[in-house]
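Peer 1: Input structure: query-v7.csv, which contains CSV, C-alpha atoms.
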chain,number,residue,atom,x,y,z
K,1,MET,CA,18.1,37.8,-6.2
K,2,ALA,CA,17.0,36.2,-2.9
K,3,GLU,CA,18.2,32.6,-2.3
K,4,SER,CA,15.4,30.4,-3.2
K,5,THR,CA,13.9,27.1,-4.2
K,6,GLN,CA,13.7,28.6,-7.7
K,7,VAL,CA,17.2,27.7,-9.1
K,8,SER,CA,17.4,30.3,-11.8
K,9,PRO,CA,16.9,34.1,-11.1
K,10,PHE,CA,14.4,34.0,-14.0
K,11,ALA,CA,10.8,32.9,-13.6
K,12,ALA,CA,10.0,30.1,-16.1
K,13,THR,CA,6.6,31.5,-17.0
K,14,PRO,CA,4.2,29.9,-19.5
K,15,GLU,CA,2.7,31.6,-22.5
K,16,PRO,CA,0.7,34.7,-21.6
K,17,PRO,CA,-1.8,35.7,-20.5
K,18,TYR,CA,-1.0,35.5,-16.8
K,19,PHE,CA,-0.6,38.1,-14.0
K,20,ALA,CA,2.3,40.0,-12.6
K,21,VAL,CA,2.5,41.6,-9.1
K,22,ILE,CA,5.1,44.3,-9.3
K,23,PHE,CA,6.4,45.3,-5.9
K,24,THR,CA,8.9,48.2,-5.8
K,25,SER,CA,10.3,49.2,-2.4
K,26,LEU,CA,12.9,51.4,-0.7
K,27,ARG,CA,14.3,49.9,2.5
K,28,ARG,CA,15.0,51.7,5.8
K,29,GLY,CA,18.6,51.2,7.0
K,30,GLY,CA,19.7,48.1,9.0
K,31,ASP,CA,18.5,44.5,8.5
K,32,ASP,CA,16.2,44.2,11.5
K,33,GLY,CA,15.1,40.7,10.5
K,34,TYR,CA,14.4,41.7,6.9
K,35,GLY,CA,16.8,39.5,5.0
K,36,GLU,CA,15.5,36.3,6.5
K,37,MET,CA,11.9,37.2,6.1
K,38,ALA,CA,12.4,38.3,2.5
K,39,ARG,CA,13.9,34.9,1.6
K,40,ARG,CA,11.1,33.1,3.5
K,41,MET,CA,8.4,35.1,1.7
K,42,PHE,CA,10.1,34.6,-1.7
K,43,ASP,CA,10.1,30.8,-1.2
K,44,LEU,CA,6.6,30.7,0.3
K,45,ALA,CA,5.2,32.7,-2.6
K,46,LEU,CA,6.7,30.1,-5.0
K,47,GLU,CA,4.9,27.3,-3.1
K,48,GLN,CA,1.5,28.9,-3.5
K,49,PRO,CA,-1.0,27.3,-5.9
K,50,GLY,CA,-1.0,29.4,-9.1
K,51,CYS,CA,2.3,31.0,-8.5
K,52,LEU,CA,4.3,30.8,-11.7
K,53,GLY,CA,7.7,32.1,-10.4
K,54,ALA,CA,9.2,35.3,-9.2
K,55,GLU,CA,12.1,37.6,-10.0
K,56,SER,CA,13.8,40.0,-7.5
K,57,ALA,CA,16.8,42.4,-7.2
K,58,ARG,CA,17.8,45.0,-4.7
K,59,ASP,CA,20.7,47.4,-5.2
K,60,ALA,CA,23.1,48.8,-2.6
K,61,SER,CA,21.0,51.9,-2.1
K,62,GLY,CA,18.2,49.7,-0.7
K,63,PHE,CA,15.9,50.1,-3.7
K,64,GLY,CA,14.5,46.9,-5.0
K,65,LEU,CA,12.0,45.4,-7.4
K,66,THR,CA,10.2,42.0,-7.0
K,67,VAL,CA,7.8,40.7,-9.6
K,68,ALA,CA,5.8,37.6,-8.8
K,69,TYR,CA,3.8,35.9,-11.5
K,70,PHE,CA,0.4,34.2,-11.0
K,71,ALA,CA,-2.0,32.2,-13.1
K,72,SER,CA,-5.1,34.1,-11.9
K,73,GLU,CA,-6.5,36.9,-9.8
K,74,GLU,CA,-7.7,34.2,-7.3
K,75,ALA,CA,-4.2,33.0,-6.8
K,76,ILE,CA,-3.0,36.6,-6.1
K,77,ALA,CA,-5.8,37.2,-3.6
K,78,ALA,CA,-5.0,33.9,-1.8
K,79,TRP,CA,-1.3,34.9,-1.5
K,80,ARG,CA,-2.2,38.4,-0.3
K,81,ASN,CA,-4.4,36.8,2.5
K,82,HIS,CA,-1.9,34.1,3.5
K,83,ALA,CA,-1.4,34.3,7.3
K,84,ASP,CA,2.4,34.4,7.3
K,85,HIS,CA,2.4,36.9,4.4
K,86,ARG,CA,0.0,39.1,6.3
K,87,ILE,CA,2.5,39.3,9.2
K,88,ALA,CA,5.3,40.1,6.8
K,89,GLN,CA,3.2,42.8,5.2
K,90,GLU,CA,2.6,44.4,8.6
K,91,LEU,CA,6.3,44.4,9.4
K,92,GLY,CA,7.0,45.9,6.0
K,93,ARG,CA,4.7,48.8,6.7
K,94,THR,CA,5.8,49.4,10.3
K,95,ARG,CA,9.5,48.5,10.2
K,96,TRP,CA,11.2,47.8,6.9
K,97,TYR,CA,10.1,50.1,4.1
K,98,LYS,CA,10.4,53.8,3.7
K,99,HIS,CA,8.1,53.5,0.8
K,100,TYR,CA,6.6,50.9,-1.6
K,101,GLU,CA,4.5,50.7,-4.7
K,102,LEU,CA,2.5,47.6,-5.6
K,103,ARG,CA,1.0,47.2,-9.1
K,104,VAL,CA,-1.1,44.3,-10.4
K,105,ALA,CA,-0.8,43.8,-14.1
K,106,ARG,CA,-1.9,41.3,-16.8
K,107,VAL,CA,1.0,40.1,-18.9
K,108,GLU,CA,-0.1,40.1,-22.5
K,109,ARG,CA,3.1,39.1,-24.4
K,110,ALA,CA,6.6,38.0,-23.6
K,111,TYR,CA,10.0,37.6,-25.3
K,112,SER,CA,13.4,36.3,-24.2
K,113,GLY,CA,16.9,36.6,-25.5
K,114,PRO,CA,19.6,37.1,-26.5
K,115,GLU,CA,18.6,34.4,-29.0
K,116,GLY,CA,16.2,36.6,-31.1
K,117,ARG,CA,12.7,37.9,-30.6
D,118,MET,CA,18.6,52.6,-9.5
D,119,ALA,CA,20.4,54.3,-12.4
D,120,GLU,CA,21.2,58.0,-12.0
D,121,SER,CA,18.4,59.8,-13.8
D,122,THR,CA,16.4,62.8,-14.6
D,123,GLN,CA,13.7,61.1,-12.5
D,124,VAL,CA,14.6,62.3,-9.0
D,125,SER,CA,12.8,59.6,-7.0
D,126,PRO,CA,13.6,55.9,-7.6
D,127,PHE,CA,9.8,55.4,-7.8
D,128,ALA,CA,7.8,56.2,-10.9
D,129,ALA,CA,5.0,58.7,-10.3
D,130,THR,CA,2.4,56.8,-12.3
D,131,PRO,CA,-1.2,58.0,-12.8
D,132,GLU,CA,-4.3,56.0,-11.9
D,133,PRO,CA,-4.4,52.7,-13.9
D,134,PRO,CA,-4.9,51.5,-16.5
D,135,TYR,CA,-1.5,52.0,-18.1
D,136,PHE,CA,1.2,49.6,-19.4
D,137,ALA,CA,4.3,48.2,-17.9
D,138,VAL,CA,7.3,46.8,-19.8
D,139,ILE,CA,9.1,44.4,-17.4
D,140,PHE,CA,12.7,43.8,-18.4
D,141,THR,CA,14.6,41.2,-16.4
D,142,SER,CA,18.3,40.6,-17.2
D,143,LEU,CA,21.4,38.8,-16.1
D,144,ARG,CA,24.6,40.7,-17.1
D,145,ARG,CA,27.8,39.2,-18.4
D,146,GLY,CA,30.9,40.1,-16.4
D,147,GLY,CA,32.8,43.4,-16.9
D,148,ASP,CA,31.3,46.8,-17.7
D,149,ASP,CA,32.2,47.1,-21.5
D,150,GLY,CA,30.2,50.3,-21.9
D,151,TYR,CA,27.1,49.0,-20.2
D,152,GLY,CA,26.9,51.4,-17.3
D,153,GLU,CA,26.9,54.6,-19.4
D,154,MET,CA,24.5,53.1,-21.9
D,155,ALA,CA,22.1,51.9,-19.2
D,156,ARG,CA,21.9,55.4,-17.7
D,157,ARG,CA,21.5,57.0,-21.2
D,158,MET,CA,18.7,54.6,-22.1
D,159,PHE,CA,16.9,55.1,-18.7
D,160,ASP,CA,16.9,58.9,-19.2
D,161,LEU,CA,16.0,58.6,-22.9
D,162,ALA,CA,13.0,56.4,-22.1
D,163,LEU,CA,11.8,58.9,-19.6
D,164,GLU,CA,11.8,61.6,-22.4
D,165,GLN,CA,9.6,59.6,-24.7
D,166,PRO,CA,6.1,60.8,-25.3
D,167,GLY,CA,3.8,58.5,-23.3
D,168,CYS,CA,6.5,57.3,-20.9
D,169,LEU,CA,5.1,57.6,-17.3
D,170,GLY,CA,8.3,56.8,-15.4
D,171,ALA,CA,10.6,53.8,-14.8
D,172,GLU,CA,12.0,51.8,-11.9
D,173,SER,CA,15.2,49.8,-11.9
D,174,ALA,CA,17.5,47.8,-9.6
D,175,ARG,CA,20.5,45.5,-10.2
D,176,ASP,CA,22.1,43.4,-7.5
D,177,ALA,CA,25.8,42.5,-7.0
D,178,SER,CA,25.3,39.2,-8.9
D,179,GLY,CA,24.4,41.1,-12.1
D,180,PHE,CA,20.7,40.3,-12.0
D,181,GLY,CA,18.4,43.2,-12.5
D,182,LEU,CA,14.9,44.3,-13.1
D,183,THR,CA,13.8,47.4,-14.9
D,184,VAL,CA,10.1,48.3,-15.3
D,185,ALA,CA,9.1,51.2,-17.6
D,186,TYR,CA,5.6,52.5,-17.6
D,187,PHE,CA,3.8,53.8,-20.7
D,188,ALA,CA,0.4,55.3,-21.4
D,189,SER,CA,-0.3,53.2,-24.5
D,190,GLU,CA,0.8,50.4,-26.7
D,191,GLU,CA,1.7,53.0,-29.3
D,192,ALA,CA,4.1,54.6,-26.9
D,193,ILE,CA,5.8,51.3,-26.2
D,194,ALA,CA,6.1,50.6,-30.0
D,195,ALA,CA,7.7,54.0,-30.6
D,196,TRP,CA,10.3,53.4,-27.8
D,197,ARG,CA,11.1,49.9,-29.1
D,198,ASN,CA,11.8,51.4,-32.5
D,199,HIS,CA,13.7,54.5,-31.4
D,200,ALA,CA,17.0,54.5,-33.3
D,201,ASP,CA,19.3,54.9,-30.3
D,202,HIS,CA,17.4,52.3,-28.4
D,203,ARG,CA,17.7,49.9,-31.3
D,204,ILE,CA,21.5,50.2,-31.1
D,205,ALA,CA,21.4,49.5,-27.3
D,206,GLN,CA,19.2,46.5,-27.9
D,207,GLU,CA,21.6,45.0,-30.4
D,208,LEU,CA,24.6,45.6,-28.0
D,209,GLY,CA,22.5,44.0,-25.2
D,210,ARG,CA,22.0,40.9,-27.3
D,211,THR,CA,25.5,40.6,-28.6
D,212,ARG,CA,27.6,41.9,-25.7
D,213,TRP,CA,26.0,42.6,-22.3
D,214,TYR,CA,23.4,40.1,-21.4
D,215,LYS,CA,23.7,36.4,-20.7
D,216,HIS,CA,19.9,36.2,-20.7
D,217,TYR,CA,16.9,38.5,-20.5
D,218,GLU,CA,13.1,38.3,-20.4
D,219,LEU,CA,10.8,41.0,-21.6
D,220,ARG,CA,7.1,41.1,-20.7
D,221,VAL,CA,4.5,43.6,-21.6
D,222,ALA,CA,1.7,43.9,-19.2
D,223,ARG,CA,-1.4,46.1,-18.6
D,224,VAL,CA,-1.5,47.5,-15.1
D,225,GLU,CA,-5.0,47.2,-13.7
D,226,ARG,CA,-4.6,48.5,-10.1
D,227,ALA,CA,-2.0,50.0,-7.9
D,228,TYR,CA,-1.4,50.7,-4.2
D,229,SER,CA,1.4,52.5,-2.2
D,230,GLY,CA,2.5,52.5,1.3
D,231,PRO,CA,3.4,52.3,4.2
D,232,GLU,CA,0.4,54.6,4.7
D,233,GLY,CA,-2.4,52.0,4.2
D,234,ARG,CA,-3.9,50.3,1.2
Could you rewrite the structure in this file as structure tokens?

Peer 2:
Amino acid sequence: MAESTQVSPFAATPEPPYFAVIFTSLRRGGDDGYGEMARRMFDLALEQPGCLGAESARDASGFGLTVAYFASEEAIAAWRNHADHRIAQELGRTRWYKHYELRVARVERAYSGPEGR
Amino acid sequence: MAESTQVSPFAATPEPPYFAVIFTSLRRGGDDGYGEMARRMFDLALEQPGCLGAESARDASGFGLTVAYFASEEAIAAWRNHADHRIAQELGRTRWYKHYELRVARVERAYSGPEGR
């Protein structure tokens, strides 16, 4: 995962329901400022009101998933419109990503392990 | 992503609504049969009725995310109870994972890029 103010790679989410923003992306080659911005945006997301945590992994092929969890649709909208995040989104479109998919979902139930379900 | 019968690392999902099973996990060290089973389960999931695709990445720290997309809750339940998948789940709990989180969510909207939103 990205280095972060969130100590664990796992998001300590509350009981559902809450929302998940699932961002899947394939990077272009080269860093081109991406690594630093990715870390900044991960930490900035965590600071937003209503953000419940985030989880992220990218493999050696440049394919990655980030899921950020939010308490409400309003919190998602505020993060989407955050000025610094807007700049990062534009750089993502024009410079960093070959392709991405973004899905907004409502988490209905959750389990953890290995200690049973 | 895992090598797979799905050619692209991206799932070609239809218009929402549909369901997402978000599986986040931290591996123990060593392979111990994990790599082969992970590829088998990824491909087997894609063959299940109602499976719409899957996306997966694991980083060098052993932290990974896999999101599998399904048309219905019934399709999720059938995959959870698949005999081969049951064996893999048990090995995951006893052998492969330090920790995992599993969340079931209903995808409400989706976008892709870089070509606009």

Peer 1: Using all atoms listed in the file, which of D:Ala192, D:Met158, D:Leu169, D:Ala227 sits nearest Ile204 (chain D)?

Peer 2: D:Met158

Peer 1: Which value, in Å to one decimal, gives the distance between CA of Gly181 (chain D) and CA of Asp84 (chain K)?

Peer 2: 26.9 Å

Peer 1: Rank D:Asp160, D:Thr122, D:Phe136, D:Glu172 by their smallest atom-to-atom distance to Val107 (chain K), using all atoms listed in the file, and report the top residue only.

Peer 2: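 Looking only at the distances to Val107 (chain K), the closest residue turns out to be D:Phe136.
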
Peer 1: Give me, as a list of chain:residue names, all polymer residues having an atom no more than 7 Å from Ala105 (chain K), counting only C-alpha atoms and skipping those fewer than 5 positions away in the same chain.

Peer 2: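 What passes the distance filter is K:Phe19, K:Ala20, K:Val21, D:Ala222, D:Arg223, D:Val224, D:Glu225.
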
Peer 1: Here is a test: counting all atoms listed in the file, which residue of D:Val184, D:Gly179, D:Cys168, D:Glu190 is nearest to Asp148 (chain D)?

Peer 2: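 Counting all atoms listed in the file, the residue closest to Asp148 (chain D) is D:Gly179.
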
Peer 1: Please report as a VMD selection string which residues of chain K come no farther than 8 Å from chain D, using only C-alpha atoms.

Peer 2: chain K and resid 1 9 to 10 20 24 55 to 61 63 to 65 92 to 94 97 to 115

Peer 1: Have a look at CA of Gln165 (chain D) and CA of Arg145 (chain D) and let me know their distance in Å, one decimal.

Peer 2: 28.1 Å

Peer 1: Measure the distance from CA of Ala194 (chain D) to CA of Leu163 (chain D) in Å and round it to one decimal.

Peer 2: 14.5 Å

Peer 1: Using all atoms listed in the file, can you tell me which of K:Gly53, K:Gly30, K:Gly35, K:Pro14 comes closest to Tyr69 (chain K)?

Peer 2: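 The shortest atom-to-atom distance to Tyr69 (chain K) comes from K:Gly53.
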
Peer 1: I'd like to know which of K:Ala71, K:Ala83, K:Ala54, K:Ala88 is closest to Ala38 (chain K), using all atoms listed in the file.

Peer 2: K:Ala88

Peer 1: Write region 206-228 of chain D as a short mmCIF file (atom, residue, chain, number, x, y, z; two decimals), in the coordinates of the input, completed to N, CA, C and O atoms.

Peer 2:
data_model
loop_
_atom_site.label_atom_id
_atom_site.label_comp_id
_atom_site.auth_asym_id
_atom_site.auth_seq_id
_atom_site.Cartn_x
_atom_site.Cartn_y
_atom_site.Cartn_z
N GLN D 206 19.72 47.85 -27.87
CA GLN D 206 19.20 46.50 -27.90
C GLN D 206 20.12 45.50 -28.52
O GLN D 206 20.33 44.38 -28.03
N GLU D 207 20.71 45.92 -29.65
CA GLU D 207 21.60 45.00 -30.40
C GLU D 207 22.89 44.74 -29.51
O GLU D 207 23.35 43.60 -29.44
N LEU D 208 23.41 45.79 -28.85
CA LEU D 208 24.60 45.60 -28.00
C LEU D 208 24.19 44.70 -26.78
O LEU D 208 25.00 43.90 -26.31
N GLY D 209 22.97 44.84 -26.30
CA GLY D 209 22.50 44.00 -25.20
C GLY D 209 22.52 42.52 -25.62
O GLY D 209 22.99 41.66 -24.87
N ARG D 210 22.02 42.26 -26.83
CA ARG D 210 22.00 40.90 -27.30
C ARG D 210 23.36 40.30 -27.56
O ARG D 210 23.64 39.15 -27.25
N THR D 211 24.26 41.11 -28.13
CA THR D 211 25.50 40.60 -28.60
C THR D 211 26.63 40.67 -27.52
O THR D 211 27.63 39.94 -27.60
N ARG D 212 26.49 41.60 -26.58
CA ARG D 212 27.60 41.90 -25.70
C ARG D 212 27.32 41.83 -24.21
O ARG D 212 28.13 41.33 -23.44
N TRP D 213 26.17 42.37 -23.77
CA TRP D 213 26.00 42.60 -22.30
C TRP D 213 25.23 41.58 -21.54
O TRP D 213 25.49 41.40 -20.36
N TYR D 214 24.25 40.94 -22.18
CA TYR D 214 23.40 40.10 -21.40
C TYR D 214 23.59 38.60 -21.66
O TYR D 214 23.62 38.16 -22.79
N LYS D 215 23.70 37.84 -20.58
CA LYS D 215 23.70 36.40 -20.70
C LYS D 215 22.26 35.94 -21.07
O LYS D 215 22.07 35.04 -21.86
N HIS D 216 21.29 36.57 -20.44
CA HIS D 216 19.90 36.20 -20.70
C HIS D 216 19.01 37.37 -20.31
O HIS D 216 19.35 38.12 -19.39
N TYR D 217 17.89 37.52 -20.98
CA TYR D 217 16.90 38.50 -20.50
C TYR D 217 15.48 37.98 -20.87
O TYR D 217 15.29 37.13 -21.75
N GLU D 218 14.52 38.51 -20.13
CA GLU D 218 13.10 38.30 -20.40
C GLU D 218 12.42 39.63 -20.44
O GLU D 218 12.72 40.52 -19.63
N LEU D 219 11.55 39.78 -21.41
CA LEU D 219 10.80 41.00 -21.60
C LEU D 219 9.33 40.70 -21.61
O LEU D 219 8.91 39.85 -22.41
N ARG D 220 8.58 41.33 -20.73
CA ARG D 220 7.10 41.10 -20.70
C ARG D 220 6.38 42.40 -20.74
O ARG D 220 6.76 43.37 -20.08
N VAL D 221 5.35 42.42 -21.52
CA VAL D 221 4.50 43.60 -21.60
C VAL D 221 3.19 43.32 -20.95
O VAL D 221 2.53 42.31 -21.26
N ALA D 222 2.83 44.19 -20.02
CA ALA D 222 1.70 43.90 -19.20
C ALA D 222 0.81 45.20 -19.05
O ALA D 222 1.31 46.33 -19.18
N ARG D 223 -0.48 44.99 -18.79
CA ARG D 223 -1.40 46.10 -18.60
C ARG D 223 -1.67 46.21 -17.09
O ARG D 223 -2.22 45.29 -16.48
N VAL D 224 -1.27 47.34 -16.51
CA VAL D 224 -1.50 47.50 -15.10
C VAL D 224 -2.93 47.85 -14.82
O VAL D 224 -3.51 48.75 -15.43
N GLU D 225 -3.53 47.08 -13.91
CA GLU D 225 -5.00 47.20 -13.70
C GLU D 225 -5.30 47.89 -12.38
O GLU D 225 -6.35 48.50 -12.24
N ARG D 226 -4.41 47.77 -11.36
CA ARG D 226 -4.60 48.50 -10.10
C ARG D 226 -3.28 48.69 -9.42
O ARG D 226 -2.33 47.97 -9.71
N ALA D 227 -3.25 49.67 -8.51
CA ALA D 227 -2.00 50.00 -7.90
C ALA D 227 -2.27 50.55 -6.45
O ALA D 227 -3.34 51.12 -6.19
N TYR D 228 -1.29 50.30 -5.57
CA TYR D 228 -1.40 50.70 -4.20
C TYR D 228 0.00 51.27 -3.81
O TYR D 228 1.00 50.91 -4.41
#
